[in-house]
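See below for upload-v3.pdb, which holds PDB, C-alpha atoms.
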```
ATOM      1  CA  MET A   1     -42.565-131.617 223.550
ATOM      2  CA  LEU A   2     -41.157-128.230 224.675
ATOM      3  CA  GLU A   3     -41.593-128.636 228.424
ATOM      4  CA  GLU A   4     -39.237-131.635 228.433
ATOM      5  CA  ILE A   5     -36.260-129.639 227.091
ATOM      6  CA  CYS A   6     -33.579-128.559 229.577
ATOM      7  CA  THR A   7     -31.234-125.599 229.045
ATOM      8  CA  TYR A   8     -27.863-126.645 227.542
ATOM      9  CA  GLU A   9     -29.048-130.216 227.098
ATOM     10  CA  LYS A  10     -27.035-131.826 224.279
ATOM     11  CA  THR A  11     -29.233-134.853 223.633
ATOM     12  CA  VAL A  12     -32.502-133.190 222.580
ATOM     13  CA  GLU A  13     -34.683-135.430 220.426
ATOM     14  CA  LEU A  14     -37.499-133.888 218.366
ATOM     15  CA  VAL A  15     -39.918-134.830 215.593
ATOM     16  CA  GLY A  16     -41.866-132.299 213.557
ATOM     17  CA  ILE A  17     -42.676-130.577 210.274
ATOM     18  CA  VAL A  18     -40.096-128.277 208.678
ATOM     19  CA  ASN A  19     -41.277-124.742 207.947
ATOM     20  CA  ASP A  20     -39.963-121.169 207.582
ATOM     21  CA  VAL A  21     -36.516-122.149 206.249
ATOM     22  CA  VAL A  22     -34.262-119.066 206.016
ATOM     23  CA  MET A  23     -30.589-118.776 204.976
ATOM     24  CA  LYS A  24     -28.901-115.499 205.909
ATOM     25  CA  ASN A  25     -25.282-114.549 206.598
ATOM     26  CA  ASN A  26     -24.053-118.161 206.894
ATOM     27  CA  LEU A  27     -26.862-118.965 209.322
ATOM     28  CA  LEU A  28     -29.625-121.384 208.360
ATOM     29  CA  THR A  29     -32.729-121.337 210.544
ATOM     30  CA  PHE A  30     -36.040-123.153 210.345
ATOM     31  CA  CYS A  31     -39.054-123.854 212.503
ATOM     32  CA  LEU A  32     -39.947-127.369 213.576
ATOM     33  CA  LYS A  33     -43.666-127.719 214.259
ATOM     34  CA  ASN A  34     -45.386-130.443 216.230
ATOM     35  CA  ASN A  35     -49.087-129.760 216.842
ATOM     36  CA  ASP A  36     -49.138-126.412 218.683
ATOM     37  CA  ASP A  37     -45.422-126.452 219.569
ATOM     38  CA  ILE A  38     -42.854-124.564 217.484
ATOM     39  CA  VAL A  39     -39.087-124.753 217.994
ATOM     40  CA  GLN A  40     -36.584-122.630 216.088
ATOM     41  CA  VAL A  41     -33.611-124.676 214.929
ATOM     42  CA  ASN A  42     -30.275-123.055 214.011
ATOM     43  CA  LEU A  43     -27.407-124.332 211.862
ATOM     44  CA  TRP A  44     -24.261-122.184 212.122
ATOM     45  CA  ASP A  45     -21.382-124.193 210.690
ATOM     46  CA  THR A  46     -20.963-124.267 206.882
ATOM     47  CA  ASP A  47     -20.156-127.989 206.824
ATOM     48  CA  ILE A  48     -23.185-128.779 208.983
ATOM     49  CA  ILE A  49     -25.392-126.648 206.758
ATOM     50  CA  ASN A  50     -24.152-128.279 203.557
ATOM     51  CA  SER A  51     -24.619-131.799 204.913
ATOM     52  CA  ASN A  52     -28.192-131.178 206.068
ATOM     53  CA  LYS A  53     -29.799-128.499 203.898
ATOM     54  CA  SER A  54     -31.181-131.003 201.366
ATOM     55  CA  LYS A  55     -33.260-132.531 204.178
ATOM     56  CA  LEU A  56     -34.714-129.202 205.299
ATOM     57  CA  ILE A  57     -37.509-128.852 202.763
ATOM     58  CA  THR A  58     -40.733-127.155 203.834
ATOM     59  CA  GLY A  59     -43.277-129.833 204.680
ATOM     60  CA  ASN A  60     -40.747-132.583 205.379
ATOM     61  CA  ILE A  61     -41.289-134.471 208.623
ATOM     62  CA  ILE A  62     -37.909-134.943 210.273
ATOM     63  CA  HIS A  63     -36.374-136.494 213.367
ATOM     64  CA  ILE A  64     -33.589-134.628 215.178
ATOM     65  CA  ASP A  65     -31.306-136.678 217.428
ATOM     66  CA  SER A  66     -28.813-134.978 219.795
ATOM     67  CA  GLY A  67     -29.685-131.336 219.260
ATOM     68  CA  PHE A  68     -28.238-128.716 221.634
ATOM     69  CA  ALA A  69     -30.731-126.615 223.624
ATOM     70  CA  ARG A  70     -29.868-122.964 224.143
ATOM     71  CA  PRO A  71     -31.936-120.239 225.836
ATOM     72  CA  LYS A  72     -34.300-118.740 223.271
ATOM     73  CA  ASN A  73     -33.248-115.532 221.543
ATOM     74  CA  GLU A  74     -36.293-113.498 222.543
ATOM     75  CA  ARG A  75     -35.622-110.892 219.850
ATOM     76  CA  ASN A  76     -35.305-113.151 216.822
ATOM     77  CA  SER A  77     -36.688-116.585 217.668
ATOM     78  CA  LYS A  78     -40.004-117.796 216.258
ATOM     79  CA  GLY A  79     -40.233-120.593 218.825
ATOM     80  CA  THR A  80     -43.057-120.881 221.330
ATOM     81  CA  GLY A  81     -41.007-122.398 224.152
ATOM     82  CA  ASN A  82     -37.997-121.259 226.169
ATOM     83  CA  HIS A  83     -35.292-122.777 223.962
ATOM     84  CA  ASP A  84     -33.815-122.733 220.474
ATOM     85  CA  ILE A  85     -32.072-125.842 219.177
ATOM     86  CA  SER A  86     -28.618-125.802 217.588
ATOM     87  CA  ILE A  87     -27.547-128.530 215.179
ATOM     88  CA  MET A  88     -24.071-129.741 216.125
ATOM     89  CA  SER A  89     -21.533-131.942 214.319
ATOM     90  CA  ASN A  90     -22.850-135.026 216.130
ATOM     91  CA  THR A  91     -26.532-134.201 215.557
ATOM     92  CA  ILE A  92     -28.372-136.567 213.230
ATOM     93  CA  ILE A  93     -31.285-135.321 211.108
ATOM     94  CA  THR A  94     -33.428-138.009 209.482
ATOM     95  CA  VAL A  95     -36.277-137.395 207.033
ATOM     96  CA  LEU A  96     -39.223-139.514 208.188
ATOM     97  CA  LYS A  97     -41.581-138.368 205.447
ATOM     98  CA  SER A  98     -40.818-136.211 202.419
ATOM     99  CA  SER A  99     -43.199-133.408 201.494
ATOM    100  CA  SER A 100     -43.216-134.866 197.964
ATOM    101  CA  GLU A 101     -44.706-138.153 199.172
ATOM    102  CA  LYS A 102     -48.446-138.421 198.590
ATOM    103  CA  TYR A 103     -50.410-138.272 201.820
ATOM    104  CA  VAL A 104     -52.850-141.108 202.463
ATOM    105  CA  ARG A 105     -56.026-140.036 204.261
ATOM    106  CA  PRO A 106     -56.717-142.273 207.286
ATOM    107  CA  LYS A 107     -59.372-144.951 206.933
ATOM    108  CA  ILE A 108     -62.082-144.281 209.479
ATOM    109  CA  ASN A 109     -64.332-147.003 210.893
ATOM    110  CA  LYS A 110     -68.053-146.356 211.165
ATOM    111  CA  ASP A 111     -67.839-146.051 214.940
ATOM    112  CA  GLN A 112     -65.357-143.162 214.471
ATOM    113  CA  GLN A 113     -67.755-141.267 212.190
ATOM    114  CA  CYS A 114     -69.924-138.980 214.268
ATOM    115  CA  ALA A 115     -72.192-135.987 214.192
ATOM    116  CA  LEU A 116     -70.609-132.719 215.257
ATOM    117  CA  SER A 117     -72.865-132.724 218.335
ATOM    118  CA  ASP A 118     -71.268-136.028 219.448
ATOM    119  CA  ALA A 119     -67.640-135.055 218.737
ATOM    120  CA  LEU A 120     -66.630-135.007 222.408
ATOM    121  CA  LYS A 121     -68.173-138.413 223.086
ATOM    122  CA  VAL A 122     -65.924-140.392 220.720
ATOM    123  CA  ASN A 123     -62.306-141.207 221.591
ATOM    124  CA  GLY A 124     -59.396-141.170 219.155
ATOM    125  CA  THR A 125     -59.443-140.026 215.546
ATOM    126  CA  ILE A 126     -62.896-138.992 214.336
ATOM    127  CA  GLU A 127     -64.562-137.946 211.083
ATOM    128  CA  ILE A 128     -67.225-135.239 211.024
ATOM    129  CA  THR A 129     -69.313-133.920 208.154
ATOM    130  CA  ALA A 130     -70.207-130.271 208.735
ATOM    131  CA  PHE A 131     -69.948-126.806 207.188
ATOM    132  CA  ILE A 132     -67.157-124.234 207.333
ATOM    133  CA  LYS A 133     -68.397-121.542 209.727
ATOM    134  CA  ASN A 134     -65.266-119.400 209.979
ATOM    135  CA  HIS A 135     -62.582-119.560 207.299
ATOM    136  CA  ILE A 136     -59.519-121.581 208.331
ATOM    137  CA  ALA A 137     -56.694-119.043 208.233
ATOM    138  CA  LYS A 138     -53.537-117.850 209.978
ATOM    139  CA  THR A 139     -54.168-116.885 213.581
ATOM    140  CA  SER A 140     -51.801-115.705 216.297
ATOM    141  CA  LEU A 141     -52.337-117.348 219.673
ATOM    142  CA  PRO A 142     -50.520-116.286 222.870
ATOM    143  CA  ASN A 143     -47.710-118.799 222.292
ATOM    144  CA  ASN A 144     -48.169-119.931 218.714
ATOM    145  CA  VAL A 145     -49.169-119.098 215.151
ATOM    146  CA  ILE A 146     -51.436-121.651 213.463
ATOM    147  CA  ASN A 147     -54.335-122.058 211.046
ATOM    148  CA  GLN A 148     -57.602-121.663 212.923
ATOM    149  CA  GLY A 149     -61.276-121.639 211.991
ATOM    150  CA  SER A 150     -64.505-123.403 212.904
ATOM    151  CA  ILE A 151     -67.174-125.751 211.589
ATOM    152  CA  THR A 152     -70.895-125.983 212.343
ATOM    153  CA  ASP A 153     -73.897-128.230 211.788
ATOM    154  CA  GLY A 154     -76.304-125.299 212.012
ATOM    155  CA  THR A 155     -76.691-125.660 215.783
ATOM    156  CA  TYR A 156     -73.307-126.462 217.297
ATOM    157  CA  LYS A 157     -69.895-125.125 216.378
ATOM    158  CA  LEU A 158     -66.415-126.553 216.888
ATOM    159  CA  GLU A 159     -63.095-124.772 216.533
ATOM    160  CA  VAL A 160     -60.571-126.414 214.209
ATOM    161  CA  ARG A 161     -56.793-125.961 214.196
ATOM    162  CA  MET A 162     -54.155-127.002 211.687
ATOM    163  CA  PRO A 163     -50.422-126.524 211.026
ATOM    164  CA  LEU A 164     -49.662-123.135 209.500
ATOM    165  CA  ILE A 165     -47.981-124.681 206.449
ATOM    166  CA  TYR A 166     -51.309-125.308 204.678
ATOM    167  CA  ASN A 167     -53.225-122.758 202.580
ATOM    168  CA  MET A 168     -56.953-123.285 203.134
ATOM    169  CA  ASP A 169     -58.336-120.499 200.911
ATOM    170  CA  GLU A 170     -60.364-122.938 198.799
ATOM    171  CA  PHE A 171     -62.531-123.884 201.779
ATOM    172  CA  VAL A 172     -64.883-120.902 201.925
ATOM    173  CA  GLU A 173     -67.527-120.258 204.559
ATOM    174  CA  GLY A 174     -70.643-122.364 204.053
ATOM    175  CA  THR A 175     -68.841-125.203 202.243
ATOM    176  CA  GLU A 176     -69.836-128.732 203.283
ATOM    177  CA  VAL A 177     -66.717-130.659 204.284
ATOM    178  CA  SER A 178     -65.613-133.956 205.742
ATOM    179  CA  VAL A 179     -62.889-133.437 208.347
ATOM    180  CA  ILE A 180     -60.692-135.963 210.139
ATOM    181  CA  GLY A 181     -58.890-135.103 213.350
ATOM    182  CA  ASN A 182     -58.549-135.508 217.103
ATOM    183  CA  ILE A 183     -60.320-133.588 219.843
ATOM    184  CA  GLN A 184     -57.954-131.588 222.042
ATOM    185  CA  TYR A 185     -58.479-128.870 224.650
ATOM    186  CA  SER A 186     -57.031-125.382 224.861
ATOM    187  CA  SER A 187     -55.472-123.833 227.960
ATOM    188  CA  CYS A 188     -58.956-122.453 228.698
ATOM    189  CA  ASN A 189     -60.355-126.012 228.541
ATOM    190  CA  MET A 190     -62.214-125.279 225.294
ATOM    191  CA  PRO A 191     -62.454-128.175 222.827
ATOM    192  CA  TYR A 192     -61.068-127.986 219.315
ATOM    193  CA  LEU A 193     -60.406-130.438 216.501
ATOM    194  CA  TRP A 194     -56.719-130.793 215.598
ATOM    195  CA  ILE A 195     -56.356-131.615 211.886
ATOM    196  CA  SER A 196     -52.835-132.721 211.019
ATOM    197  CA  HIS A 197     -52.938-132.504 207.202
ATOM    198  CA  LYS A 198     -54.779-130.533 204.527
ATOM    199  CA  GLU A 199     -55.921-133.789 202.884
ATOM    200  CA  ASP A 200     -57.912-134.518 206.032
ATOM    201  CA  VAL A 201     -60.304-131.758 204.945
ATOM    202  CA  ILE A 202     -62.239-132.547 201.770
ATOM    203  CA  ILE A 203     -65.219-130.865 200.147
ATOM    204  CA  LYS A 204     -68.141-133.240 200.621
ATOM    205  CA  ASN A 205     -70.608-131.673 198.204
ATOM    206  CA  ALA A 206     -69.731-128.409 196.479
ATOM    207  CA  LYS A 207     -73.407-127.758 195.670
ATOM    208  CA  ASN A 208     -74.624-128.319 199.231
ATOM    209  CA  THR A 209     -73.805-125.111 201.082
ATOM    210  CA  MET A 210     -75.140-123.475 204.243
ATOM    211  CA  ASP A 211     -76.484-119.938 204.009
ATOM    212  CA  LYS A 212     -75.138-117.078 206.104
ATOM    213  CA  ILE A 213     -78.103-116.962 208.493
ATOM    214  CA  LYS A 214     -77.769-120.638 209.435
ATOM    215  CA  LEU A 215     -73.988-120.245 209.802
ATOM    216  CA  ILE A 216     -74.528-117.426 212.281
ATOM    217  CA  LYS A 217     -77.116-119.429 214.246
ATOM    218  CA  GLY A 218     -74.767-122.420 214.476
ATOM    219  CA  ASN A 219     -73.062-120.996 217.532
ATOM    220  CA  LYS A 220     -73.765-123.390 220.427
ATOM    221  CA  MET A 221     -70.632-124.587 222.209
ATOM    222  CA  LEU A 222     -69.984-128.273 222.781
ATOM    223  CA  LYS A 223     -69.605-129.490 226.366
ATOM    224  CA  ARG A 224     -67.846-132.540 227.667
ATOM    225  CA  PRO A 225     -70.255-135.410 228.455
ATOM    226  CA  LEU A 226     -69.605-135.025 232.208
ATOM    227  CA  ASP A 227     -70.598-131.355 232.008
ATOM    228  CA  GLU A 228     -74.034-132.031 230.500
ATOM    229  CA  SER A 229     -75.491-132.856 233.907
ATOM    230  CA  THR A 230     -74.995-129.212 234.896
ATOM    231  CA  ASN A 231     -77.369-127.948 232.171
TER
END
```
Could the structure of this file be written out as structure tokens, please?
Amino acid sequence: MLEEICTYEKTVELVGIVNDVVMKNNLLTFCLKNNDDIVQVNLWDTDIINSNKSKLITGNIIHIDSGFARPKNERNSKGTGNHDISIMSNTIITVLKSSSEKYVRPKINKDQQCALSDALKVNGTIEITAFIKNHIAKTSLPNNVINQGSITDGTYKLEVRMPLIYNMDEFVEGTEVSVIGNIQYSSCNMPYLWISHKEDVIIKNAKNTMDKIKLIKGNKMLKRPLDESTN
């Protein structure tokens, strides 16, 4: 998303989740998040603010059409790219999904349900039943701030990442969970499961927990199928 933006481009089109809405000194700012990308969006004009502020509710998914890209304010911007986006008089903001709308968990076919050990062998959206190894909590990455943690089956572990807007305190270490997401790879080529919504993590069986010793032992990293021949 961010790499496609050009400085002073006036036709920027973005989709993402609204977060960190702040109004100060006739300036309204918010962060638009899309997976690991974060863009700071600025509204300066009072009329523009008044006509759009009702749409800028934390958790809303919005579409921005014809935003204006400016070089990022390195001192104040929360964005992860090189640009901030200004909302102009001709910019159109559309709410694609309100935060008040009930989220519907995706229906997963049997062939998309897999063991954690097979997570890298299945394409598309997958469902895994495993245990919380490391609590999913706010983590600062080199170019982003997200929720990050990991899951394990007692042998393998897999990092999980989520948008920062969700509080995951109820999912304590050792809890058995069902998670739905998509395998992605970090800049270091390490796999992780991207989970787009809190409702895609559910407690499977509150009474079935994994003890601390097994959680610690569940530390083997997953490898891509093509890499297994090197073992």
Exercise for the section: List the residues matched by the PyMOL selection byres ((chain A and resi 168) around 8) in the displayed structure as a list in words, ordered by chain and then by residue number. Expected result: His135, Ile136, Ala137, Tyr166, Asn167, Asp169, Glu170, Phe171 and Lys198 of chain A
Handout entry: Residue contacts of range 78-85 of chain A (7 Å, only C-alpha atoms) excluding same-chain residues fewer than 4 positions away, as a ChimeraX atom specification
Key = /A:2,37-42,67-72,143-144
Enclose the full set of atoms of range 90-98 of chain A listed in the file within a box whose edges lie along x, y and z, apply 5 Å of padding to each of the six sides, and report centre and edge lengths in Å to one decimal as AutoDock Vina command-line options.
```
--center_x -32.2 --center_y -136.9 --center_z 209.3 --size_x 28.7 --size_y 15.3 --size_z 23.7
```
Exercise for the section: Please identify all polymer residues within 6 Å of range 205-213 of chain A, counting only C-alpha atoms, omitting same-chain residues fewer than 5 positions from it, and present them as a count of residues only. Expected result: 3
Could the residues of range 150-177 of chain A that have an atom at most 12 Å from range 111-116 of chain A be listed as a tab-separated table, each with its closest atom pair and the distance in Å to one decimal, counting all atoms listed in the file and ordered by chain and ascending residue number?
```
residue	atom	partner	partner_atom	distance
A:Ser150	CA	A:Leu116	CA	11.4
A:Ile151	CA	A:Leu116	CA	8.6
A:Thr152	CA	A:Leu116	CA	7.3
A:Asp153	CA	A:Leu116	CA	6.6
A:Gly154	CA	A:Leu116	CA	9.9
A:Thr155	CA	A:Leu116	CA	9.3
A:Tyr156	CA	A:Leu116	CA	7.1
A:Lys157	CA	A:Leu116	CA	7.7
A:Leu158	CA	A:Leu116	CA	7.6
A:Glu159	CA	A:Leu116	CA	11.0
A:Val160	CA	A:Leu116	CA	11.9
A:Val177	CA	A:Leu116	CA	11.8
```
Selection from above, C-alpha atoms, as a PDB file, in the coordinates of the input, can you write it?
```pdb
ATOM      1  CA  SER A 150     -64.505-123.403 212.904  1.00  0.00           C
ATOM      2  CA  ILE A 151     -67.174-125.751 211.589  1.00  0.00           C
ATOM      3  CA  THR A 152     -70.895-125.983 212.343  1.00  0.00           C
ATOM      4  CA  ASP A 153     -73.897-128.230 211.788  1.00  0.00           C
ATOM      5  CA  GLY A 154     -76.304-125.299 212.012  1.00  0.00           C
ATOM      6  CA  THR A 155     -76.691-125.660 215.783  1.00  0.00           C
ATOM      7  CA  TYR A 156     -73.307-126.462 217.297  1.00  0.00           C
ATOM      8  CA  LYS A 157     -69.895-125.125 216.378  1.00  0.00           C
ATOM      9  CA  LEU A 158     -66.415-126.553 216.888  1.00  0.00           C
ATOM     10  CA  GLU A 159     -63.095-124.772 216.533  1.00  0.00           C
ATOM     11  CA  VAL A 160     -60.571-126.414 214.209  1.00  0.00           C
ATOM     12  CA  VAL A 177     -66.717-130.659 204.284  1.00  0.00           C
TER      13      VAL A 177
END
```
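CA of Lys138 in chain A is found 28.5 Å from CA of Thr94 in chain A.
Minimum atom-to-atom distance to Asn60 in chain A, evaluated using only C-alpha atoms, belongs to A:Ser100 out of A:Asn73, A:Ser89, A:Ser100, A:Ser186.
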Completion exercise
In Å and to one decimal, CA of His197 in chain A is distant from CA of Leu120 in chain A by 20.6 Å
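With CA of Leu28 in chain A on one side and CA of Leu43 in chain A on the other, the separation reads 5.1 Å.
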Exercise for the section: Given the file shown, enumerate the residues that the PyMOL selection byres ((chain A and resi 29) around 12) captures and present them as a PyMOL selection string. Expected result: chain A and resi 18-28+30-32+39-45+49+52-53+56-58+76-79+84-87
Problem - Shortest interatomic distance to Leu96 in chain A - which of A:Ile146, A:Cys6, A:Val122, A:Ile62, counting all atoms listed in the file - result: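 Of A:Ile146, A:Cys6, A:Val122, A:Ile62, the one nearest Leu96 in chain A, counting all atoms listed in the file, is A:Ile62.
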Exercise for the section: Using only C-alpha atoms, find the one residue out of A:Asn219, A:Thr7, A:Asn147, A:Asn35 that sits nearest to Ser196 in chain A. Expected result: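 Ranked by minimum distance to Ser196 in chain A, first place goes to A:Asn35.
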Handout entry: Distance criterion (only C-alpha atoms): nearest to Gly124 in chain A out of A:Val12, A:Ile108, A:Leu141, A:Ile93
Key = A:Ile108
Exercise for the section: Pick out the closest residue to Lys102 in chain A from this set: A:Gly16, A:Val179, A:Gln148, A:Glu199. Count all atoms listed in the file. Expected result: A:Glu199
Fill in the blank from the handout: From the list A:Val95, A:Ile48, A:Ile61, A:Ile180, the nearest residue to Lys107 in chain A using all atoms listed in the file is A:Ile180
